[in-house]
$ cat coords-v7.pdb   # PDB, C-alpha atoms
ATOM      1  CA  MET A   1       0.000   0.000   0.000
ATOM      2  CA  LEU A   2       1.110   3.552  -0.774
ATOM      3  CA  GLY A   3       0.189   6.796   0.902
ATOM      4  CA  TYR A   4       0.219   9.979  -1.164
ATOM      5  CA  VAL A   5       0.789  12.660   1.472
ATOM      6  CA  PHE A   6      -0.095  16.205   0.494
ATOM      7  CA  TRP A   7       0.785  19.159   2.725
ATOM      8  CA  HIS A   8      -0.911  22.440   1.979
ATOM      9  CA  ALA A   9      -1.805  25.795   3.475
ATOM     10  CA  PRO A  10      -4.569  28.189   2.376
ATOM     11  CA  ALA A  11      -3.623  31.240   0.387
ATOM     12  CA  GLU A  12      -3.602  34.575   2.136
ATOM     13  CA  GLY A  13      -7.139  35.875   2.617
ATOM     14  CA  VAL A  14      -8.823  32.470   2.244
ATOM     15  CA  ASP A  15     -11.275  31.797   5.071
ATOM     16  CA  ALA A  16     -10.190  28.748   7.093
ATOM     17  CA  ALA A  17     -13.734  27.431   7.586
ATOM     18  CA  HIS A  18     -14.495  27.700   3.867
ATOM     19  CA  TYR A  19     -11.179  26.026   3.055
ATOM     20  CA  GLU A  20     -11.877  23.090   5.376
ATOM     21  CA  ASN A  21     -15.447  22.683   4.102
ATOM     22  CA  ALA A  22     -14.188  22.499   0.511
ATOM     23  CA  LEU A  23     -11.432  20.091   1.538
ATOM     24  CA  SER A  24     -13.905  17.777   3.298
ATOM     25  CA  ALA A  25     -16.275  17.906   0.324
ATOM     26  CA  PHE A  26     -13.497  16.762  -2.008
ATOM     27  CA  HIS A  27     -12.596  13.841   0.275
ATOM     28  CA  ARG A  28     -16.275  12.861   0.575
ATOM     29  CA  SER A  29     -16.574  12.900  -3.209
ATOM     30  CA  LEU A  30     -13.671  10.450  -3.547
ATOM     31  CA  ALA A  31     -15.154   8.220  -0.829
ATOM     32  CA  HIS A  32     -18.555   8.226  -2.576
ATOM     33  CA  SER A  33     -17.108   7.398  -6.001
ATOM     34  CA  PRO A  34     -13.701   5.804  -5.321
ATOM     35  CA  PRO A  35     -11.298   5.380  -8.251
ATOM     36  CA  PHE A  36      -9.823   1.938  -8.930
ATOM     37  CA  GLY A  37      -7.242   1.010  -6.278
ATOM     38  CA  PHE A  38      -8.267   3.819  -3.938
ATOM     39  CA  GLU A  39      -8.324   2.643  -0.304
ATOM     40  CA  GLY A  40      -9.541   5.783   1.481
ATOM     41  CA  SER A  41      -8.291   9.152   2.644
ATOM     42  CA  ALA A  42      -7.919  11.403   5.649
ATOM     43  CA  ALA A  43      -7.193  15.085   6.196
ATOM     44  CA  PHE A  44      -5.730  16.801   9.250
ATOM     45  CA  ARG A  45      -5.142  20.267  10.599
ATOM     46  CA  VAL A  46      -1.483  20.100  11.665
ATOM     47  CA  GLY A  47      -0.304  23.678  12.127
ATOM     48  CA  ALA A  48       3.389  23.187  11.323
ATOM     49  CA  SER A  49       4.829  20.946   8.631
ATOM     50  CA  PRO A  50       7.202  18.107   9.625
ATOM     51  CA  TRP A  51      10.268  19.775   8.119
ATOM     52  CA  GLU A  52       9.555  22.976  10.055
ATOM     53  CA  ALA A  53       9.364  20.956  13.269
ATOM     54  CA  PHE A  54      12.877  19.616  12.671
ATOM     55  CA  ARG A  55      14.211  23.180  12.747
ATOM     56  CA  THR A  56      13.385  23.410  16.438
ATOM     57  CA  ALA A  57      14.961  21.557  19.376
ATOM     58  CA  THR A  58      11.595  20.063  20.331
ATOM     59  CA  ALA A  59       8.272  19.553  18.600
ATOM     60  CA  PRO A  60       6.000  22.629  18.632
ATOM     61  CA  PRO A  61       2.657  22.624  20.511
ATOM     62  CA  GLY A  62      -0.633  21.618  18.915
ATOM     63  CA  PRO A  63      -2.619  23.265  16.106
ATOM     64  CA  GLY A  64      -3.592  26.851  16.757
ATOM     65  CA  ALA A  65      -1.117  27.287  19.605
ATOM     66  CA  SER A  66       1.552  29.936  19.756
ATOM     67  CA  GLY A  67       4.716  28.878  17.985
ATOM     68  CA  TRP A  68       3.243  27.369  14.840
ATOM     69  CA  TYR A  69       4.662  28.688  11.590
ATOM     70  CA  GLU A  70       1.394  28.760   9.665
ATOM     71  CA  ASP A  71      -1.819  26.763   9.375
ATOM     72  CA  TRP A  72      -0.763  23.696   7.434
ATOM     73  CA  TYR A  73      -3.010  20.774   6.521
ATOM     74  CA  GLU A  74      -1.944  17.219   5.786
ATOM     75  CA  ASP A  75      -3.885  14.867   3.490
ATOM     76  CA  TRP A  76      -3.315  11.126   3.230
ATOM     77  CA  TYR A  77      -4.616   9.396   0.092
ATOM     78  CA  LEU A  78      -4.237   5.602   0.306
ATOM     79  CA  VAL A  79      -3.826   3.565  -2.875
ATOM     80  CA  ALA A  80      -2.938  -0.039  -3.673
ATOM     81  CA  ASP A  81       0.126   0.694  -5.830
ATOM     82  CA  PHE A  82       1.704   3.183  -8.239
ATOM     83  CA  SER A  83      -0.778   2.272 -10.976
ATOM     84  CA  ALA A  84      -3.636   3.191  -8.650
ATOM     85  CA  LEU A  85      -1.867   6.449  -7.850
ATOM     86  CA  GLY A  86      -2.002   7.352 -11.532
ATOM     87  CA  VAL A  87      -5.714   6.511 -11.626
ATOM     88  CA  LEU A  88      -6.297   8.718  -8.573
ATOM     89  CA  ASN A  89      -4.450  11.589 -10.228
ATOM     90  CA  GLU A  90      -6.678  11.365 -13.287
ATOM     91  CA  ALA A  91      -9.858  10.892 -11.254
ATOM     92  CA  ALA A  92      -9.188  13.905  -9.024
ATOM     93  CA  VAL A  93      -9.749  16.278 -11.925
ATOM     94  CA  ALA A  94     -12.296  14.159 -13.801
ATOM     95  CA  ARG A  95     -15.998  14.778 -14.109
ATOM     96  CA  GLY A  96     -17.713  14.245 -10.765
ATOM     97  CA  HIS A  97     -14.702  15.319  -8.694
ATOM     98  CA  ARG A  98     -13.268  18.242 -10.648
ATOM     99  CA  SER A  99     -15.533  21.016  -9.377
ATOM    100  CA  LEU A 100     -14.875  19.950  -5.781
ATOM    101  CA  HIS A 101     -11.154  19.627  -6.500
ATOM    102  CA  ASP A 102     -11.115  23.178  -7.865
ATOM    103  CA  ARG A 103     -13.047  24.481  -4.856
ATOM    104  CA  ALA A 104     -10.587  22.770  -2.524
ATOM    105  CA  LYS A 105      -7.614  24.513  -4.108
ATOM    106  CA  GLY A 106      -7.323  27.991  -2.571
ATOM    107  CA  LEU A 107      -3.706  27.017  -1.983
ATOM    108  CA  GLY A 108      -0.852  29.114  -0.762
ATOM    109  CA  SER A 109       2.040  26.749   0.014
ATOM    110  CA  ALA A 110       1.956  23.082  -1.006
ATOM    111  CA  THR A 111       4.232  20.060  -1.367
ATOM    112  CA  ALA A 112       3.877  16.282  -1.326
ATOM    113  CA  GLY A 113       5.537  12.896  -0.898
ATOM    114  CA  ILE A 114       4.768   9.230  -1.508
ATOM    115  CA  TYR A 115       5.206   6.735   1.333
ATOM    116  CA  ARG A 116       5.058   2.937   1.369
ATOM    117  CA  LEU A 117       3.492   0.975   4.231
ATOM    118  CA  LEU A 118       6.244  -1.018   5.997
ATOM    119  CA  GLU A 119       4.443  -2.366   9.031
ATOM    120  CA  GLY A 120       0.907  -2.449  10.377
ATOM    121  CA  ALA A 121      -2.379  -4.066   9.504
ATOM    122  CA  PRO A 122      -4.098  -3.013   6.259
ATOM    123  CA  VAL A 123      -5.163   0.537   6.880
ATOM    124  CA  SER A 124      -8.072   2.678   5.732
ATOM    125  CA  GLY A 125      -8.853   6.364   5.709
ATOM    126  CA  ALA A 126     -10.911   5.872   8.858
ATOM    127  CA  SER A 127      -8.066   4.164  10.742
ATOM    128  CA  ILE A 128      -5.590   6.829   9.616
ATOM    129  CA  GLY A 129      -8.060   9.475  10.766
ATOM    130  CA  GLU A 130      -8.014   7.998  14.266
ATOM    131  CA  CYS A 131      -4.236   8.416  14.544
ATOM    132  CA  ARG A 132      -3.827  11.637  16.468
ATOM    133  CA  HIS A 133      -0.025  11.415  16.446
ATOM    134  CA  ALA A 134       2.376  11.431  13.529
ATOM    135  CA  THR A 135       6.008  10.799  14.429
ATOM    136  CA  TRP A 136       8.394  11.853  11.681
ATOM    137  CA  ILE A 137      11.888  10.370  11.716
ATOM    138  CA  GLU A 138      14.964  11.598   9.883
ATOM    139  CA  PRO A 139      17.885   9.128   9.756
ATOM    140  CA  SER A 140      21.612   9.770   9.740
ATOM    141  CA  GLY A 141      23.284   9.234   6.388
ATOM    142  CA  SER A 142      25.863   6.937   7.971
ATOM    143  CA  THR A 143      23.301   4.427   9.298
ATOM    144  CA  ASN A 144      21.566   1.590   7.439
ATOM    145  CA  ALA A 145      18.152   3.212   7.177
ATOM    146  CA  ALA A 146      16.348   0.061   6.027
ATOM    147  CA  GLU A 147      17.540  -2.013   8.990
ATOM    148  CA  MET A 148      16.923   0.672  11.595
ATOM    149  CA  GLY A 149      13.610   1.661  10.050
ATOM    150  CA  ALA A 150      12.348  -1.880  10.644
ATOM    151  CA  LEU A 151      12.725  -1.276  14.384
ATOM    152  CA  LEU A 152      10.546   1.827  14.512
ATOM    153  CA  GLY A 153       7.404  -0.228  15.031
ATOM    154  CA  ASP A 154       8.718  -1.972  18.150
ATOM    155  CA  GLY A 155       6.073  -1.984  20.855
ATOM    156  CA  MET A 156       3.288  -0.637  18.663
ATOM    157  CA  ASP A 157      -0.126  -2.217  18.240
ATOM    158  CA  PRO A 158      -0.250  -3.052  14.500
ATOM    159  CA  SER A 159      -4.038  -2.814  14.539
ATOM    160  CA  SER A 160      -3.925   0.874  15.479
ATOM    161  CA  ALA A 161      -0.520   2.088  14.264
ATOM    162  CA  SER A 162       1.584   1.859  11.110
ATOM    163  CA  VAL A 163       5.106   2.577   9.874
ATOM    164  CA  TRP A 164       5.722   4.256   6.519
ATOM    165  CA  ARG A 165       8.859   4.992   4.481
ATOM    166  CA  ARG A 166       9.337   7.679   1.870
ATOM    167  CA  GLN A 167       9.469   6.483  -1.747
ATOM    168  CA  LEU A 168       9.234   9.660  -3.800
ATOM    169  CA  VAL A 169       9.190  13.238  -2.607
ATOM    170  CA  LEU A 170       8.394  16.606  -4.139
ATOM    171  CA  GLY A 171       9.770  18.591  -1.208
ATOM    172  CA  PRO A 172      11.619  18.292   2.131
ATOM    173  CA  ALA A 173       9.561  15.442   3.623
ATOM    174  CA  PRO A 174      11.241  13.210   6.287
ATOM    175  CA  GLU A 175      12.288   9.606   5.578
ATOM    176  CA  PHE A 176       9.959   7.704   7.947
ATOM    177  CA  CYS A 177       6.572   8.242   9.572
ATOM    178  CA  VAL A 178       4.835   6.342  12.363
ATOM    179  CA  LEU A 179       1.092   6.989  12.594
ATOM    180  CA  SER A 180      -0.434   6.043  15.929
ATOM    181  CA  ARG A 181      -3.055   6.748  18.541
ATOM    182  CA  GLU A 182      -0.334   6.651  21.202
ATOM    183  CA  GLN A 183       3.377   7.192  20.691
ATOM    184  CA  PRO A 184       5.094   3.767  20.284
ATOM    185  CA  ALA A 185       8.283   2.832  22.124
ATOM    186  CA  GLY A 186      10.249   2.345  18.920
ATOM    187  CA  VAL A 187      10.497   6.085  18.261
ATOM    188  CA  ALA A 188      11.680   7.076  21.751
ATOM    189  CA  SER A 189      14.982   8.965  21.754
ATOM    190  CA  THR A 190      16.608   6.135  23.722
ATOM    191  CA  ARG A 191      15.677   3.633  20.992
ATOM    192  CA  LEU A 192      16.667   5.580  17.884
ATOM    193  CA  ALA A 193      19.975   5.009  16.140
ATOM    194  CA  PRO A 194      22.768   7.550  16.835
ATOM    195  CA  ARG A 195      22.149  10.920  15.186
ATOM    196  CA  TRP A 196      18.624   9.967  14.153
ATOM    197  CA  SER A 197      15.992  12.520  15.139
ATOM    198  CA  ALA A 198      12.228  12.319  15.579
ATOM    199  CA  ARG A 199       9.373  14.771  16.067
ATOM    200  CA  THR A 200       5.889  13.724  17.168
ATOM    201  CA  LEU A 201       3.293  16.190  15.944
ATOM    202  CA  PRO A 202      -0.289  16.238  17.230
ATOM    203  CA  ARG A 203      -3.023  16.856  14.687
ATOM    204  CA  GLU A 204      -6.771  17.313  14.456
ATOM    205  CA  ALA A 205      -8.812  15.290  11.988
ATOM    206  CA  VAL A 206     -10.795  17.216   9.380
ATOM    207  CA  PHE A 207     -11.874  14.112   7.460
ATOM    208  CA  GLY A 208     -11.295  10.347   7.610
ATOM    209  CA  ALA A 209     -13.106   7.610   5.638
TER     210      ALA A 209
END
$ encode --input "coords-v7.pdb" --output "C-alpha cells"
Amino acid sequence: MLGYVFWHAPAEGVDAAHYENALSAFHRSLAHSPPFGFEGSAAFRVGASPWEAFRTATAPPGPGASGWYEDWYEDWYLVADFSALGVLNEAAVARGHRSLHDRAKGLGSATAGIYRLLEGAPVSGASIGECRHATWIEPSGSTNAAEMGALLGDGMDPSSASVWRRQLVLGPAPEFCVLSREQPAGVASTRLAPRWSARTLPREAVFGA
C-alpha cells in the first residue's frame, strides 16, 4: 500500500472554515465514487509541517497554539500501488470530482511525498483518521536506514498504528513516519539510532473515511 501525502496551506485571505469545508467535500466525493485502487483518505489540521518541526529543538505545541509557523493541513490518500496512484491523479480532476477539486484549491504553500506501508495491519482512511499522532523520523546518512527503520514499530499495536517509508518526494519530507493513537516505544529517543531525530506532531482530523 502507498500513501500519497499532500501538505498544503490556504492562500492569504482564504477563510479557514471555507477552506476546510471544501477540503472535506473533495474527500467525501472520492469516498462516494472511489477510483480503482483507492483505499480511502484522511485530512488533518497540523499547524506546522514536519520539516519545520525539525528546525526546532523540540516539537511545537498543537494546532492553533503559539509557535506554529502557519496553518498547514496534511492529506493522506491511500492507494494499492503506483498504478492506482495514476488513476487517482486522473480521477481527481475528472468529471464528478473536478468542481470539488477546484473548490478545494485555494492554496498558498503546497508540497507532497509518496510513502510505502512497511508495518501495520491493512489501513483505511478511517483508521488513519483515528491516529492523532504522527512521528516523523529523519535518519543519519551513515546508518543503514532500512535495517533501523524496521525497528521503529517496536512496541506498537499493529491494529492501530503503522510505519511508513518515503518512496518519492516533491519537497523536504522526512524519511519515515509512524502513525499512531499513542506514541510507540520504537520512536523514543533512547531507541533511535545515533544521530537519528524524531518529532511527534499532534493533529486534528478534518476528514477520515
$ resolve_selection --input "coords-v7.pdb" --expression "the PyMOL selection byres ((chain A and resi 41-45) around 8)" --output "ChimeraX atom specification"
/A:24,27,31,39-40,46-47,63,71-78,124-126,128-129,203-209
$ residues_around --input "coords-v7.pdb" --residues "segment 193-196 of chain A" --least-positions-apart "6" --cutoff "6 Å" --atoms "only C-alpha atoms" --output "MDAnalysis selection string"
chainID A and resid 138:140
$ atom_distance --input "coords-v7.pdb" --atom1 "atom CA of Glu130 of chain A" --atom2 "atom CA of Leu152 of chain A"
19.6 Å
$ atom_distance --input "coords-v7.pdb" --atom1 "atom CA of Gln183 of chain A" --atom2 "atom CA of Arg55 of chain A"
20.9 Å
$ residues_around --input "coords-v7.pdb" --residues "Cys131 of chain A" --least-positions-apart "6" --cutoff "9 Å" --atoms "all atoms listed in the file" --output "PDB file with C-alpha atoms, keeping the file's coordinate frame"
ATOM      1  CA  SER A 160      -3.925   0.874  15.479  1.00  0.00           C
ATOM      2  CA  ALA A 161      -0.520   2.088  14.264  1.00  0.00           C
ATOM      3  CA  LEU A 179       1.092   6.989  12.594  1.00  0.00           C
ATOM      4  CA  SER A 180      -0.434   6.043  15.929  1.00  0.00           C
ATOM      5  CA  ARG A 181      -3.055   6.748  18.541  1.00  0.00           C
ATOM      6  CA  GLU A 182      -0.334   6.651  21.202  1.00  0.00           C
ATOM      7  CA  ARG A 203      -3.023  16.856  14.687  1.00  0.00           C
ATOM      8  CA  ALA A 205      -8.812  15.290  11.988  1.00  0.00           C
TER       9      ALA A 205
END
$ atom_distance --input "coords-v7.pdb" --atom1 "atom CA of Val163 of chain A" --atom2 "atom CA of Val123 of chain A"
10.9 Å
$ residues_around --input "coords-v7.pdb" --residues "Arg116 of chain A" --least-positions-apart "2" --cutoff "8 Å" --atoms "only C-alpha atoms" --output "ChimeraX atom specification"
/A:1-3,114,118,164-167
$ resolve_selection --input "coords-v7.pdb" --expression "the PyMOL selection byres ((chain A and resi 83) around 12)" --output "ChimeraX atom specification"
/A:1-2,35-38,79-82,84-90
$ write_last_selection --input "coords-v7.pdb" --atoms "C-alpha atoms" --output "PDB file, keeping the file's coordinate frame"
ATOM      1  CA  MET A   1       0.000   0.000   0.000  1.00  0.00           C
ATOM      2  CA  LEU A   2       1.110   3.552  -0.774  1.00  0.00           C
ATOM      3  CA  PRO A  35     -11.298   5.380  -8.251  1.00  0.00           C
ATOM      4  CA  PHE A  36      -9.823   1.938  -8.930  1.00  0.00           C
ATOM      5  CA  GLY A  37      -7.242   1.010  -6.278  1.00  0.00           C
ATOM      6  CA  PHE A  38      -8.267   3.819  -3.938  1.00  0.00           C
ATOM      7  CA  VAL A  79      -3.826   3.565  -2.875  1.00  0.00           C
ATOM      8  CA  ALA A  80      -2.938  -0.039  -3.673  1.00  0.00           C
ATOM      9  CA  ASP A  81       0.126   0.694  -5.830  1.00  0.00           C
ATOM     10  CA  PHE A  82       1.704   3.183  -8.239  1.00  0.00           C
ATOM     11  CA  ALA A  84      -3.636   3.191  -8.650  1.00  0.00           C
ATOM     12  CA  LEU A  85      -1.867   6.449  -7.850  1.00  0.00           C
ATOM     13  CA  GLY A  86      -2.002   7.352 -11.532  1.00  0.00           C
ATOM     14  CA  VAL A  87      -5.714   6.511 -11.626  1.00  0.00           C
ATOM     15  CA  LEU A  88      -6.297   8.718  -8.573  1.00  0.00           C
ATOM     16  CA  ASN A  89      -4.450  11.589 -10.228  1.00  0.00           C
ATOM     17  CA  GLU A  90      -6.678  11.365 -13.287  1.00  0.00           C
TER      18      GLU A  90
END
$ residues_around --input "coords-v7.pdb" --residues "Ala9 of chain A" --least-positions-apart "2" --cutoff "8 Å" --atoms "only C-alpha atoms" --output "VMD selection string"
chain A and resid 7 11 70 to 73 107 to 110
